[in-house]
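Quick notes on the structure that follows.
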Amino acid sequence: MIGLFARQALHAAAGNRGQATALLVVVAGTLTAVVFAGMGIHHYHLGRQASADAIDSIALSAATWEARGLNLVAALNDGAVQCIRVIRWTCAVWGVLAVSAAFGAGVPAFLAFTRQARRIIPGYWDTAHLLVSWSGKVRKAVPYLVLAETASLARKHNVTGILYPWNPRGPHDGKGILELHVAPGPPLHLAEAIAPATGTLARLKKIRILKGAVKTVVAVLDASLRGFLGRTKGPIRMLAPEPDFRERQWVRFTGYMERSVLPVPFLGEGGSRRFPSTGDAEPYGGTSTEMTWKSRLARRSTP
């Protein structure tokens, strides 16, 4: 009985030789196509991701250099503030010694401190002016540093593109310039810095007792203060962020990275493919005297 069934099975399969081979070829071809397609898609997405990362890094680097420039401006502003603070404290001590000398106590100390004040106050006022002038130079130099860093990173990452805004200089009220959007703040005059001494002088002039000592102190103070105000370089105006700083101080880099195409068999692909991308970044935080400016990526729909 078993032999009968075996002979019938062999007889039924006698005319169907080669069907398993055809099925194997179809399945293997399909699997091979799926594998190659997956490799191609994966390589494409890797190219897009690499392009996006490179372009984002370029935009973020540009904003970082802007933040560094703002931190340097803030440091110079803080230095100017410290100079003015020294002048005010000097004048405060000077005023105390003047009052004491007007009543006959500590006249030699007052005269010795007056000689020091004549040297300290003009020196610190000139230093404050110098620091503020340096901050103006930093504002003008930062855009060129940003452009140089952008070009260097673009070559390093094999990226071709353009930075917006690209113009390092131009009308400062325009929105298409790369210059730091900071402007001179309210003026600070030397008369405000030496107010403790001038206030003391005004009060001493009203004293009617001990006229001899008062006259001597008033004469010394008045001559010294007039000398300061007569040789002043004008008011100090420290750079501060403009009211629309957050809307204007940002950068955008748009470009593409060119990468070789994965040579997938049977598809005949070769050469290279371009992967376009756009990155936006901006500096944020800090004030005109705080060195806390940082950079971050940001997304904007319109330039």
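Simple scheme: letters A, B, ... for chains in structure tokens order, numbers from 1 for residues in each chain, numbers from 1 for ligands in the order shown.
Here the DSSP assignment of strand (DSSP E), based on backbone atoms, applies within segment 23-252 of chain A to Val159, Thr160, Gly161, Ile162, Leu163, Tyr164, Val182, Ala183, Pro184, Leu239, Ala240, Pro241, Val251 and Arg252 of chain A.
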>> What's around Gly69 of chain A at 8 Å? Count only C-alpha atoms, leave out sequence neighbours fewer than 2 positions away in its own chain, and write the answer as a ChimeraX atom specification.
In response: /A:65-67,71-73,138-139,142
Let me see the file: selected residues, N, CA and C atoms, as a JSON list (two decimals), in the first residue's frame.
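The resulting file, result-v9.json, is reproduced below:
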```json
[["chain", "number", "residue", "atom", "x", "y", "z"],
["A", 65, "TRP", "N", 29.60, 84.09, 17.65],
["A", 65, "TRP", "CA", 30.54, 85.19, 17.53],
["A", 65, "TRP", "C", 29.87, 86.52, 17.83],
["A", 66, "GLU", "N", 28.60, 86.64, 17.46],
["A", 66, "GLU", "CA", 27.88, 87.86, 17.82],
["A", 66, "GLU", "C", 27.72, 87.95, 19.34],
["A", 67, "ALA", "N", 27.41, 86.82, 19.99],
["A", 67, "ALA", "CA", 27.30, 86.82, 21.46],
["A", 67, "ALA", "C", 28.64, 87.18, 22.10],
["A", 71, "ASN", "N", 29.33, 90.25, 24.55],
["A", 71, "ASN", "CA", 29.96, 90.08, 25.87],
["A", 71, "ASN", "C", 31.17, 91.00, 26.03],
["A", 72, "LEU", "N", 31.93, 91.19, 24.94],
["A", 72, "LEU", "CA", 33.08, 92.09, 25.01],
["A", 72, "LEU", "C", 32.62, 93.53, 25.17],
["A", 73, "VAL", "N", 31.57, 93.91, 24.46],
["A", 73, "VAL", "CA", 31.01, 95.26, 24.63],
["A", 73, "VAL", "C", 30.53, 95.45, 26.06],
["A", 138, "VAL", "N", 34.67, 97.33, 18.49],
["A", 138, "VAL", "CA", 34.22, 95.93, 18.54],
["A", 138, "VAL", "C", 32.95, 95.75, 17.73],
["A", 139, "ARG", "N", 32.03, 96.70, 17.83],
["A", 139, "ARG", "CA", 30.78, 96.61, 17.07],
["A", 139, "ARG", "C", 31.05, 96.56, 15.57],
["A", 142, "VAL", "N", 33.04, 92.87, 14.68],
["A", 142, "VAL", "CA", 32.36, 91.58, 14.84],
["A", 142, "VAL", "C", 31.78, 91.04, 13.52]]
```
At most 8 Å is the cut-off: for each residue in segment 139-214 of chain A with any atom that close to an atom of segment 219-229 of chain A, write down the nearest atom pair and the distance in Å rounded to one decimal, counting only C-alpha atoms, chain first then increasing number, as a tab-separated table.
```
residue	atom	partner	partner_atom	distance
A:Leu190	CA	A:Leu229	CA	7.1
A:Ala191	CA	A:Leu229	CA	7.2
A:Ala197	CA	A:Leu221	CA	7.9
A:Thr198	CA	A:Leu225	CA	7.5
A:Leu201	CA	A:Leu221	CA	6.8
```
> Residues of segment 74-245 of chain A in alpha helix (DSSP H) according to DSSP, as JSON, numbers by chain?
Replying inline: {"A": [74, 75, 76, 77, 78, 79, 80, 81, 82, 83, 84, 85, 86, 87, 88, 89, 90, 91, 92, 93, 94, 95, 96, 97, 98, 99, 100, 101, 102, 107, 108, 109, 110, 111, 112, 113, 114, 115, 116, 117, 118, 119, 120, 121, 122, 123, 124, 125, 126, 127, 128, 129, 130, 131, 132, 133, 134, 135, 136, 137, 138, 139, 140, 141, 142, 143, 144, 145, 146, 147, 148, 149, 150, 151, 152, 153, 154, 155, 156, 190, 191, 192, 193, 195, 196, 197, 198, 199, 200, 201, 202, 203, 204, 211, 212, 213, 214, 215, 216, 217, 218, 219, 220, 221, 222, 223, 224, 225, 226, 227, 228, 229, 230, 245]}
Report as a Markdown table the residues of segment 116-180 of chain A within 12 Å of segment 234-247 of chain A, each with its shortest atom pair and distance in Å (one decimal), using only C-alpha atoms, ordered by chain and increasing residue number.
```
| residue | atom | partner | partner_atom | distance |
| --- | --- | --- | --- | --- |
| A:Trp125 | CA | A:Ile236 | CA | 9.1 |
| A:Asp126 | CA | A:Ile236 | CA | 10.0 |
| A:Thr127 | CA | A:Ile236 | CA | 10.9 |
| A:Ala128 | CA | A:Ile236 | CA | 7.7 |
| A:His129 | CA | A:Ile236 | CA | 6.3 |
| A:Leu130 | CA | A:Ile236 | CA | 9.8 |
| A:Leu131 | CA | A:Met238 | CA | 9.1 |
| A:Val132 | CA | A:Met238 | CA | 5.9 |
| A:Ser133 | CA | A:Met238 | CA | 8.9 |
| A:Trp134 | CA | A:Met238 | CA | 10.5 |
| A:Ser135 | CA | A:Leu239 | CA | 7.2 |
| A:Gly136 | CA | A:Leu239 | CA | 7.6 |
| A:Lys137 | CA | A:Leu239 | CA | 11.1 |
| A:Val138 | CA | A:Leu239 | CA | 10.6 |
| A:Arg139 | CA | A:Leu239 | CA | 9.1 |
| A:His172 | CA | A:Glu242 | CA | 10.8 |
| A:Asp173 | CA | A:Glu242 | CA | 10.2 |
| A:Gly174 | CA | A:Asp244 | CA | 11.7 |
| A:Lys175 | CA | A:Glu247 | CA | 9.3 |
| A:Gly176 | CA | A:Glu247 | CA | 11.7 |
| A:Glu179 | CA | A:Phe245 | CA | 11.5 |
| A:Leu180 | CA | A:Pro241 | CA | 8.6 |
```
For the residues in the current selection, export N, CA and C atoms as a PDB file, in the first residue's frame.
```pdb
ATOM      1  N   TRP A 125      38.435 109.172  34.117  1.00  0.00           N
ATOM      2  CA  TRP A 125      37.481 109.672  33.115  1.00  0.00           C
ATOM      3  C   TRP A 125      38.008 109.418  31.702  1.00  0.00           C
ATOM      4  N   ASP A 126      39.305 109.637  31.480  1.00  0.00           N
ATOM      5  CA  ASP A 126      39.896 109.342  30.176  1.00  0.00           C
ATOM      6  C   ASP A 126      39.855 107.838  29.882  1.00  0.00           C
ATOM      7  N   THR A 127      40.073 107.014  30.913  1.00  0.00           N
ATOM      8  CA  THR A 127      40.004 105.565  30.725  1.00  0.00           C
ATOM      9  C   THR A 127      38.602 105.127  30.340  1.00  0.00           C
ATOM     10  N   ALA A 128      37.592 105.711  30.983  1.00  0.00           N
ATOM     11  CA  ALA A 128      36.210 105.385  30.638  1.00  0.00           C
ATOM     12  C   ALA A 128      35.915 105.750  29.187  1.00  0.00           C
ATOM     13  N   HIS A 129      36.398 106.909  28.747  1.00  0.00           N
ATOM     14  CA  HIS A 129      36.216 107.305  27.346  1.00  0.00           C
ATOM     15  C   HIS A 129      36.900 106.304  26.413  1.00  0.00           C
ATOM     16  N   LEU A 130      38.094 105.859  26.789  1.00  0.00           N
ATOM     17  CA  LEU A 130      38.834 104.926  25.946  1.00  0.00           C
ATOM     18  C   LEU A 130      38.101 103.587  25.839  1.00  0.00           C
ATOM     19  N   LEU A 131      37.573 103.089  26.939  1.00  0.00           N
ATOM     20  CA  LEU A 131      36.844 101.820  26.923  1.00  0.00           C
ATOM     21  C   LEU A 131      35.596 101.915  26.048  1.00  0.00           C
ATOM     22  N   VAL A 132      34.886 103.034  26.145  1.00  0.00           N
ATOM     23  CA  VAL A 132      33.682 103.205  25.325  1.00  0.00           C
ATOM     24  C   VAL A 132      34.050 103.290  23.844  1.00  0.00           C
ATOM     25  N   SER A 133      35.159 103.928  23.526  1.00  0.00           N
ATOM     26  CA  SER A 133      35.586 103.991  22.118  1.00  0.00           C
ATOM     27  C   SER A 133      35.962 102.599  21.606  1.00  0.00           C
ATOM     28  N   TRP A 134      36.562 101.769  22.445  1.00  0.00           N
ATOM     29  CA  TRP A 134      36.884 100.395  22.043  1.00  0.00           C
ATOM     30  C   TRP A 134      35.621  99.595  21.757  1.00  0.00           C
ATOM     31  N   SER A 135      34.571  99.815  22.530  1.00  0.00           N
ATOM     32  CA  SER A 135      33.328  99.074  22.284  1.00  0.00           C
ATOM     33  C   SER A 135      32.753  99.408  20.907  1.00  0.00           C
ATOM     34  N   GLY A 136      32.935 100.668  20.466  1.00  0.00           N
ATOM     35  CA  GLY A 136      32.498 101.015  19.115  1.00  0.00           C
ATOM     36  C   GLY A 136      33.296 100.283  18.054  1.00  0.00           C
ATOM     37  N   LYS A 137      34.593 100.091  18.300  1.00  0.00           N
ATOM     38  CA  LYS A 137      35.418  99.338  17.355  1.00  0.00           C
ATOM     39  C   LYS A 137      35.023  97.858  17.338  1.00  0.00           C
ATOM     40  N   VAL A 138      34.668  97.332  18.486  1.00  0.00           N
ATOM     41  CA  VAL A 138      34.221  95.933  18.543  1.00  0.00           C
ATOM     42  C   VAL A 138      32.948  95.754  17.725  1.00  0.00           C
ATOM     43  N   ARG A 139      32.029  96.697  17.835  1.00  0.00           N
ATOM     44  CA  ARG A 139      30.785  96.613  17.068  1.00  0.00           C
ATOM     45  C   ARG A 139      31.052  96.556  15.566  1.00  0.00           C
ATOM     46  N   HIS A 172      22.875 102.126   9.808  1.00  0.00           N
ATOM     47  CA  HIS A 172      22.609 101.378  11.039  1.00  0.00           C
ATOM     48  C   HIS A 172      21.122 101.259  11.335  1.00  0.00           C
ATOM     49  N   ASP A 173      20.297 102.080  10.695  1.00  0.00           N
ATOM     50  CA  ASP A 173      18.867 101.948  10.916  1.00  0.00           C
ATOM     51  C   ASP A 173      18.240 100.932   9.963  1.00  0.00           C
ATOM     52  N   GLY A 174      19.057 100.330   9.106  1.00  0.00           N
ATOM     53  CA  GLY A 174      18.535  99.320   8.200  1.00  0.00           C
ATOM     54  C   GLY A 174      18.475  97.966   8.871  1.00  0.00           C
ATOM     55  N   LYS A 175      17.684  97.056   8.308  1.00  0.00           N
ATOM     56  CA  LYS A 175      17.513  95.733   8.892  1.00  0.00           C
ATOM     57  C   LYS A 175      18.344  94.672   8.184  1.00  0.00           C
ATOM     58  N   GLY A 176      19.035  95.041   7.122  1.00  0.00           N
ATOM     59  CA  GLY A 176      19.771  94.060   6.354  1.00  0.00           C
ATOM     60  C   GLY A 176      21.266  94.115   6.545  1.00  0.00           C
ATOM     61  N   GLU A 179      25.970  94.086  11.238  1.00  0.00           N
ATOM     62  CA  GLU A 179      26.554  94.787  12.375  1.00  0.00           C
ATOM     63  C   GLU A 179      25.722  94.576  13.634  1.00  0.00           C
ATOM     64  N   LEU A 180      26.373  94.577  14.792  1.00  0.00           N
ATOM     65  CA  LEU A 180      25.659  94.425  16.055  1.00  0.00           C
ATOM     66  C   LEU A 180      24.658  95.561  16.220  1.00  0.00           C
TER      67      LEU A 180
END
```
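Remark: for Ser61 of chain A, the closest of the candidate residues A:Arg299, A:Arg85, A:Arg119, A:Arg252 is A:Arg252 (distances computed over only C-alpha atoms).
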Give me, as JSON lines, each residue of segment 68-161 of chain A that comes within 8 Å of segment 42-58 of chain A, together with its shortest interatomic pair and the distance in Å at one decimal, counting only C-alpha atoms, with rows ordered by chain and rising residue number.
```
{"residue": "A:Thr150", "atom": "CA", "partner": "A:Ile58", "partner_atom": "CA", "distance": 6.0}
{"residue": "A:Leu153", "atom": "CA", "partner": "A:Ile58", "partner_atom": "CA", "distance": 6.3}
{"residue": "A:Ala154", "atom": "CA", "partner": "A:Ile58", "partner_atom": "CA", "distance": 7.1}
{"residue": "A:His157", "atom": "CA", "partner": "A:Ala54", "partner_atom": "CA", "distance": 6.4}
{"residue": "A:Val159", "atom": "CA", "partner": "A:Ile55", "partner_atom": "CA", "distance": 7.6}
```
Keeping N, CA and C atoms, export the residues of the selection given above as a PDB file, in the first residue's frame.
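Output below, filename again.pdb:
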```pdb
ATOM      1  N   THR A 150      32.185  81.918   9.211  1.00  0.00           N
ATOM      2  CA  THR A 150      31.222  81.244   8.342  1.00  0.00           C
ATOM      3  C   THR A 150      31.917  80.628   7.140  1.00  0.00           C
ATOM      4  N   LEU A 153      34.047  77.506   8.283  1.00  0.00           N
ATOM      5  CA  LEU A 153      33.247  76.311   8.576  1.00  0.00           C
ATOM      6  C   LEU A 153      32.612  75.740   7.306  1.00  0.00           C
ATOM      7  N   ALA A 154      32.224  76.608   6.375  1.00  0.00           N
ATOM      8  CA  ALA A 154      31.636  76.120   5.128  1.00  0.00           C
ATOM      9  C   ALA A 154      32.649  75.277   4.353  1.00  0.00           C
ATOM     10  N   HIS A 157      33.112  71.840   6.240  1.00  0.00           N
ATOM     11  CA  HIS A 157      32.011  70.890   6.109  1.00  0.00           C
ATOM     12  C   HIS A 157      31.608  70.644   4.653  1.00  0.00           C
ATOM     13  N   VAL A 159      30.279  72.714   2.479  1.00  0.00           N
ATOM     14  CA  VAL A 159      28.946  73.289   2.327  1.00  0.00           C
ATOM     15  C   VAL A 159      29.054  74.535   1.464  1.00  0.00           C
TER      16      VAL A 159
END
```
> How many Å lie between atom CA of Val251 of chain A and atom CA of Ala141 of chain A, rounded to one decimal?
Replying inline: 16.3 Å
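Among A:Ala101, A:Ala117, A:Ile84, A:Leu111, the residue with the shortest atom-to-atom distance to Ala213 of chain A, counting only C-alpha atoms, is A:Ala101.
Residues in contact with segment 203-208 of chain A at 9 Å, where only C-alpha atoms are counted and same-chain residues fewer than 3 positions away are skipped, are listed as A:Ala98, A:Val99, A:Ala102, A:Thr198, A:Gly199, A:Thr200, A:Lys211, A:Val214, A:Lys215, A:Val217, A:Val218.
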Output the selection as a PDB file, in the first residue's frame - C-alpha atoms for each residue.
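Now in out_32.pdb:
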```
ATOM      1  CA  ALA A  98      36.638 119.092  52.727  1.00  0.00           C
ATOM      2  CA  VAL A  99      33.953 119.403  55.396  1.00  0.00           C
ATOM      3  CA  ALA A 102      36.465 123.607  56.741  1.00  0.00           C
ATOM      4  CA  THR A 198      30.196 119.690  43.785  1.00  0.00           C
ATOM      5  CA  GLY A 199      27.392 119.159  46.274  1.00  0.00           C
ATOM      6  CA  THR A 200      29.818 119.558  49.160  1.00  0.00           C
ATOM      7  CA  LYS A 211      35.177 132.010  57.104  1.00  0.00           C
ATOM      8  CA  VAL A 214      35.934 127.740  54.589  1.00  0.00           C
ATOM      9  CA  LYS A 215      37.330 130.188  52.055  1.00  0.00           C
ATOM     10  CA  VAL A 217      38.655 124.875  51.226  1.00  0.00           C
ATOM     11  CA  VAL A 218      36.141 126.433  48.838  1.00  0.00           C
TER      12      VAL A 218
END
```
> Quick one: of A:Ile120, A:Lys294, A:Trp89, A:Pro143, who's nearest to Gly170 of chain A, counting only C-alpha atoms?
Replying inline: A:Pro143
> In Å, how far is it from atom CA of Ile162 of chain A to atom CA of Thr292 of chain A?
Replying inline: 28.4 Å
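Proximity to Met257 of chain A at 7 Å, evaluated using only C-alpha atoms and with sequence-adjacent residues fewer than 2 positions away removed, yields A:Ser51, A:Asn158, A:Val159, A:Thr160, A:Arg259, A:Arg274, A:Phe275, A:Pro276.
Closest approach to Arg68 of chain A from the set A:Val146, A:Ala92, A:Ala193, A:Ala183 is made by A:Val146, with distances taken over only C-alpha atoms.
With atom CA of Arg169 of chain A on one side and atom CA of Ala62 of chain A on the other, the separation reads 15.9 Å.
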> From the list A:Ile194, A:Trp94, A:Ala63, A:His189, which residue is nearest Arg115 of chain A when using only C-alpha atoms?
Replying inline: A:Trp94
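Ranking A:Ile121, A:Trp250, A:Arg273, A:Gln116 by their shortest atom-to-atom distance to Arg296 of chain A, with only C-alpha atoms included, puts A:Trp250 first.
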